[in-house]
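Q: Before I ask anything, let me first share the structure, which is written out below as structure tokens.
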Amino acid sequence: MGVVFVPIAGYGGAPRRGRGTRGAAPERVPSRRKRGKTLSQTDQSYASSLFARQQVSHEQRLAQSLARARSALLDLQHAEGWWNGEDEANQTLDAQYIFLLHYTGLLERPHYREKARKLGNWIRRTQRPDGTWPIYYGGPGCISVTTEAYAALKLLGDPADAPHMVKAREFIRAQGGPAKTRMLTRYQLALLGELDWSACPSLPLQLIIAPRLTRFNIYELSYWARVCTVPLAVLADVKKVVPVPEGRGVAELFPAPVAPDVLYAGADPKAFSWGNLFLQADKVFKWMERTGIYPLRSSCRERCKQWILDHQDESGDWGGIFPAIANSLLALYVLGMDVDDEVFVKGMQALERFEWPDEARDETHIAPCVSPVWDTAWSVLALAESGLPPDDPALARACDWLVSMQIKRKGDWAVKAPHVPAGGWAFQFYNDFYPDTDDSAVVMMALTNGSPESKDARLAAIDLGKRWLLGLQNSDGGWGAFELEVNQEVYNEILYNDEKNMLDPSTVDVTGRVLEMLGLLGASREDPVVQRAEAYVRREQEADGKWWGRWGVNYIYGTWSVVRGLAALGVGPDDPAMKAAADWVESYQQADGGWGESCASYLPGREAEPMDPCPSQTAWAVLTLVAAGRAQGTACRRGAEWLLAHQEDEGLWSEEAFTGTGFPNAFYLRYHHYPKYFPVLALSAYRNALAR
């Protein structure tokens, strides 16, 4: 069935390297971060420019601001049509890259030795005055990040008595030492011989390759957990140790010897729970390892190896994320693969595409992934909303590229949805096994733009993508990010999953985005698919009107996503859910007119904890109020004024805040393009609403 385009308030109405010819990595846009005014500097100049700004009407200032912002955003577009901003995380990625180079012997090669040196420069520069590294800027020191960063610098030769190392060591020891780090950090230390394997949970290969008929199989794990766990299980089984050079270990980090049963500390043996059951099972698995009673071990290793090989993309990537690529390379190495093997070389080349070098600072650092599809789709929507014609060459080129990025082969999602046709989009340049629902929804909205010549191709892409997306609706009415019904809570109790990130259940932010896409494409609220999804998000709304956000920080993000989705379906501002949401957003506005929410807002007892306002979250709040019918209100105007006041000289915005969520309370992201296209989208939607 074809797609009908329906105009809706909110969005204005270069070919990919083909599937067979995408061997070369795309040219990466260098980081365009300018040493312009910071937000604090802008604040200082705000008062001095007040008089001049009062001489220009609000509407004129909006028009001038958007003209500058549109031009600056277009300048960031690559010749092939895409945008790709940096995705910044924490320093564990850089440390683990150094560990991988040491473990595989590549650190001895000049090319990689130079790379490690620059990674070390980044790690040192980002250490805070108290000696720690956090999981997000402004957050508390993290023992796991700080331990991995310390170990990497020590491996590179930093002396233990250097002031920056002393500060880090004092923090780590005060927190209890490496035995108190997360499980994934413990595995890294065990591979280097710095922590005994008894401190790490067992990952029996028999469970990894268990058939789908059993309750415990890898397809009950989220894609990101699965693609990291299979190779990690190989490493935990082989237990190959590559010691660090003499004098470069981290024995000084341990305030006391590590107890043999440290893995089970704090468990209540009398309590019955899945967590304790997994704990007891781990003791059995370790006994099996000690006694050599390990059925099918050799064949299990071979099957895991084949699974890893089968899941490598043509580009060399595994799952489009750094941890999966690094783990897979390490697993293949311990199973005997040479580092000059073509498979291994392609994997290392994939990692290099995640680098963000800074030649001026003589450093480089690693992103957890890249986000060209996401950044491109949102940039298209922002530019279209700003008034750029739908068939403008820049938008046409971007939409042609997005069409070329549609994935038409089946991936792991088909295990639970075998009858659903392939047709989704992934976040990255290369991740064919794991397209995601959120990207796919935003791309299909973006594809309502484009040249007349590409209309048939865009319609076909949307039709196929919509069929794929609707086939992944969960039984509760919502959508997870990647696959169908990956929501069994028991898996969050697995011993090595101390960060509780194994699952991919329905979330309101993704479901809200799908509802927005369906509304834009003309879906009716009478459609059973829509009814189930709408009922789901309404059930999830909290008493004060806000929604929790899974993939962005946090309640501002979740609330924006749902309100935009309901508005796209025609739900009006007088609807109780919409009114409550808008009331909450207005109540959360800060004194200066902006909005800011800390990553700490995911912690129990600290829900919706504010921070200094930032452009991306202020944009989401303004978009929420516009969608809820409050563009004419004082709060929305003050939010728009905040964005106008904090626009930088080159026409866009910047922020240091981490407003992207990888795993709540464990892993956050700073999307460098968020403060670029979201303010453009917000100010454009606000201006257009005022004009109606």
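Here's how to read the names in the structure tokens: chain A, B, ... by the order shown, residue numbers from 1 in each chain, ligand numbers from 1 in the order shown.
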Write out as JSON lines a residue-level contact list of region 406-496 of chain A versus region 219-228 of chain A with cut-off 8 Å: for each qualifying residue the closest pair of atoms and the distance in Å to one decimal, counting only C-alpha atoms, rows sorted by chain and residue number upward.

A:
{"residue": "A:Asp412", "atom": "CA", "partner": "A:Tyr223", "partner_atom": "CA", "distance": 7.8}
{"residue": "A:Val415", "atom": "CA", "partner": "A:Tyr219", "partner_atom": "CA", "distance": 7.6}
{"residue": "A:Tyr434", "atom": "CA", "partner": "A:Tyr223", "partner_atom": "CA", "distance": 7.2}
{"residue": "A:Phe482", "atom": "CA", "partner": "A:Tyr223", "partner_atom": "CA", "distance": 7.1}
{"residue": "A:Glu483", "atom": "CA", "partner": "A:Ser222", "partner_atom": "CA", "distance": 7.6}
{"residue": "A:Val486", "atom": "CA", "partner": "A:Glu220", "partner_atom": "CA", "distance": 5.5}
{"residue": "A:Asn487", "atom": "CA", "partner": "A:Glu220", "partner_atom": "CA", "distance": 7.6}
{"residue": "A:Gln488", "atom": "CA", "partner": "A:Glu220", "partner_atom": "CA", "distance": 7.3}
{"residue": "A:Tyr491", "atom": "CA", "partner": "A:Leu221", "partner_atom": "CA", "distance": 7.3}

Q: Region 257-271 of chain A: which residues within 10 Å, counting only C-alpha atoms, same-chain residues fewer than 2 positions away excluded, as number ranges by chain?

A: A: 177-180, 183, 195-201, 251, 254-255, 273-277, 279-280, 282-283, 495-496

Q: How far is it from CA of Lys346 (chain A) to CA of Leu191 (chain A), in Å with one decimal?

A: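 It comes out at 22.9 Å.
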
Q: Need to verify the contact set: region 366-374 of chain A, 9 Å, only C-alpha atoms, exclusion of same-chain residues closer than 2 positions in sequence. Can you return it as a PyMOL selection string?

A: chain A and resi 82-91+93-94+97+119+320-323+351-357+364+376-379+402+405+425-429+438-440+442-443+669+671

Q: Can you tell me which residues surround Val234 (chain A) at a distance of at most 9 Å, considering only C-alpha atoms, apart from same-chain residues fewer than 4 positions away, and format the answer as a ChimeraX atom specification?

A: /A:203-205,229-230,238-239,301,304-305,331-332,334-335

Q: My list of candidates is A:Ser561, A:Ser475, A:Ser315, A:Gln349. Which is closest to Ala535 (chain A) when distances are computed with only C-alpha atoms?

A: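 Answer, going by the shortest atom-to-atom distance: A:Ser475.
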
Q: Residues within 9 Å of Gln589 (chain A), please, as a tab-separated table (two decimals) with N, CA and C atoms, in the first residue's frame. Count only C-alpha atoms; anything in the same chain fewer than 6 positions from it doesn't count.

A:
chain	number	residue	atom	x	y	z
A	595	TRP	N	16.28	25.36	29.87
A	595	TRP	CA	16.04	24.08	30.55
A	595	TRP	C	17.34	23.28	30.59
A	596	GLY	N	17.56	22.58	31.69
A	596	GLY	CA	18.71	21.71	31.81
A	596	GLY	C	18.41	20.60	32.81
A	613	PRO	N	21.13	25.24	32.20
A	613	PRO	CA	20.46	25.03	30.90
A	613	PRO	C	21.46	24.79	29.78
A	618	THR	N	16.92	22.69	26.04
A	618	THR	CA	16.02	23.83	25.88
A	618	THR	C	15.24	23.70	24.58
A	621	ALA	N	12.42	21.22	25.07
A	621	ALA	CA	11.34	21.80	25.86
A	621	ALA	C	10.49	22.74	25.01
A	635	ALA	N	6.33	31.00	28.72
A	635	ALA	CA	7.42	30.05	28.90
A	635	ALA	C	8.09	29.72	27.58
A	639	GLY	N	11.91	30.54	26.43
A	639	GLY	CA	12.81	29.50	25.96
A	639	GLY	C	13.43	29.86	24.62

Q: Could you state the separation of CA of His646 (chain A) and CA of Thr559 (chain A) in Å, given to one decimal place?

A: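 So the two atoms, CA of His646 (chain A) and CA of Thr559 (chain A), lie 23.4 Å apart.
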
Q: Which neighbours of Pro505 (chain A) fall inside 8 Å, counting only C-alpha atoms, when residues of the same chain fewer than 2 positions from it are skipped, and could you give them as JSON, numbers by chain?

A: {"A": [479, 480, 481, 485, 486, 487, 503, 507]}

Q: Could you make a table, as a Markdown table, of the residues of region 590-648 of chain A that have an atom within 12 Å of an atom of region 137-160 of chain A, each with its nearest atom pair and distance in Å to one decimal, counting only C-alpha atoms, in chain and number order?

A:
| residue | atom | partner | partner_atom | distance |
| --- | --- | --- | --- | --- |
| A:Glu597 | CA | A:Gly138 | CA | 11.9 |
| A:Ser598 | CA | A:Gly139 | CA | 8.7 |
| A:Cys599 | CA | A:Gly139 | CA | 7.9 |
| A:Ala600 | CA | A:Gly139 | CA | 7.7 |
| A:Ser601 | CA | A:Gly139 | CA | 11.3 |
| A:Met611 | CA | A:Gly138 | CA | 9.4 |
| A:Asp612 | CA | A:Gly138 | CA | 10.6 |

Q: May I have the residues within 7 Å of Glu655 (chain A) as a PDB file with C-alpha atoms, in the first residue's frame, using only C-alpha atoms and disregarding those fewer than 6 positions away in the same chain?

A:
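The new file around30.pdb reads:
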ATOM      1  CA  CYS A 614      21.856  23.792  27.601  1.00  0.00           C
ATOM      2  CA  PRO A 615      20.754  24.261  23.982  1.00  0.00           C
ATOM      3  CA  PRO A 675      23.083  21.608  19.948  1.00  0.00           C
TER       4      PRO A 675
END

Q: Just how far from CA of Pro245 (chain A) is CA of Thr104 (chain A), in Å to one decimal?

A: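 Computing the Euclidean distance for CA of Thr104 (chain A) and CA of Pro245 (chain A) yields 13.8 Å.
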
Q: Counting only C-alpha atoms, which residues of region 588-609 of chain A sit at most 12 Å from some atom of region 538-547 of chain A, and what is each one's closest atom pair with its distance in Å to one decimal, listed by chain and rising residue number, as CSV?

A:
residue,atom,partner,partner_atom,distance
A:Tyr588,CA,A:Lys546,CA,10.3
A:Glu607,CA,A:Lys546,CA,10.9
A:Ala608,CA,A:Lys546,CA,9.5

Q: Among the residues of region 522-614 of chain A, find those DSSP assigns to helix (DSSP H, G or I) from the backbone and print them as a PyMOL selection string.

A: chain A and resi 528-540+555-568+576-588+599-602

Q: For Asn665 (chain A), which residue among A:Val380, A:Leu603, A:Val242, A:Leu470 is the nearest when counting only C-alpha atoms?

A: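 Going through A:Val380, A:Leu603, A:Val242, A:Leu470 one by one, the smallest distance to Asn665 (chain A) is for A:Leu603.
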
Q: I need the residues in region 307-500 of chain A that are strand (DSSP E or B) according to DSSP; give them as a ChimeraX atom specification.

A: /A:355-358,363-366,425,436,479,486

Q: Only N, CA and C atoms, please: the residues just picked out, written as an mmCIF file, in the first residue's frame.

A:
data_model
loop_
_atom_site.group_PDB
_atom_site.id
_atom_site.type_symbol
_atom_site.label_atom_id
_atom_site.label_comp_id
_atom_site.auth_asym_id
_atom_site.auth_seq_id
_atom_site.Cartn_x
_atom_site.Cartn_y
_atom_site.Cartn_z
ATOM 1 N N GLU A 355 37.727 7.104 15.357
ATOM 2 C CA GLU A 355 38.659 8.055 15.957
ATOM 3 C C GLU A 355 38.298 9.499 15.619
ATOM 4 N N TRP A 356 38.553 10.370 16.576
ATOM 5 C CA TRP A 356 38.401 11.809 16.363
ATOM 6 C C TRP A 356 39.722 12.486 16.731
ATOM 7 N N PRO A 357 40.610 12.629 15.754
ATOM 8 C CA PRO A 357 41.921 13.226 16.042
ATOM 9 C C PRO A 357 41.839 14.738 16.196
ATOM 10 N N ASP A 358 42.716 15.268 17.002
ATOM 11 C CA ASP A 358 42.876 16.711 17.174
ATOM 12 C C ASP A 358 44.358 17.001 17.014
ATOM 13 N N GLU A 363 46.539 14.789 19.870
ATOM 14 C CA GLU A 363 45.823 13.734 20.566
ATOM 15 C C GLU A 363 44.742 13.159 19.672
ATOM 16 N N THR A 364 44.209 12.030 20.093
ATOM 17 C CA THR A 364 43.041 11.439 19.437
ATOM 18 C C THR A 364 42.220 10.735 20.504
ATOM 19 N N HIS A 365 40.958 10.509 20.208
ATOM 20 C CA HIS A 365 40.126 9.742 21.124
ATOM 21 C C HIS A 365 39.093 8.963 20.329
ATOM 22 N N ILE A 366 38.459 8.015 21.019
ATOM 23 C CA ILE A 366 37.596 7.044 20.366
ATOM 24 C C ILE A 366 36.137 7.315 20.707
ATOM 25 N N TRP A 425 16.611 1.227 8.944
ATOM 26 C CA TRP A 425 17.846 2.004 8.842
ATOM 27 C C TRP A 425 18.624 1.872 10.140
ATOM 28 N N ASP A 436 17.628 0.081 13.503
ATOM 29 C CA ASP A 436 16.855 0.409 14.715
ATOM 30 C C ASP A 436 15.591 1.178 14.367
ATOM 31 N N TRP A 479 7.383 0.124 21.215
ATOM 32 C CA TRP A 479 8.515 -0.370 20.426
ATOM 33 C C TRP A 479 9.791 -0.301 21.255
ATOM 34 N N VAL A 486 12.308 -8.171 23.482
ATOM 35 C CA VAL A 486 13.547 -8.435 24.233
ATOM 36 C C VAL A 486 13.377 -7.769 25.597
#
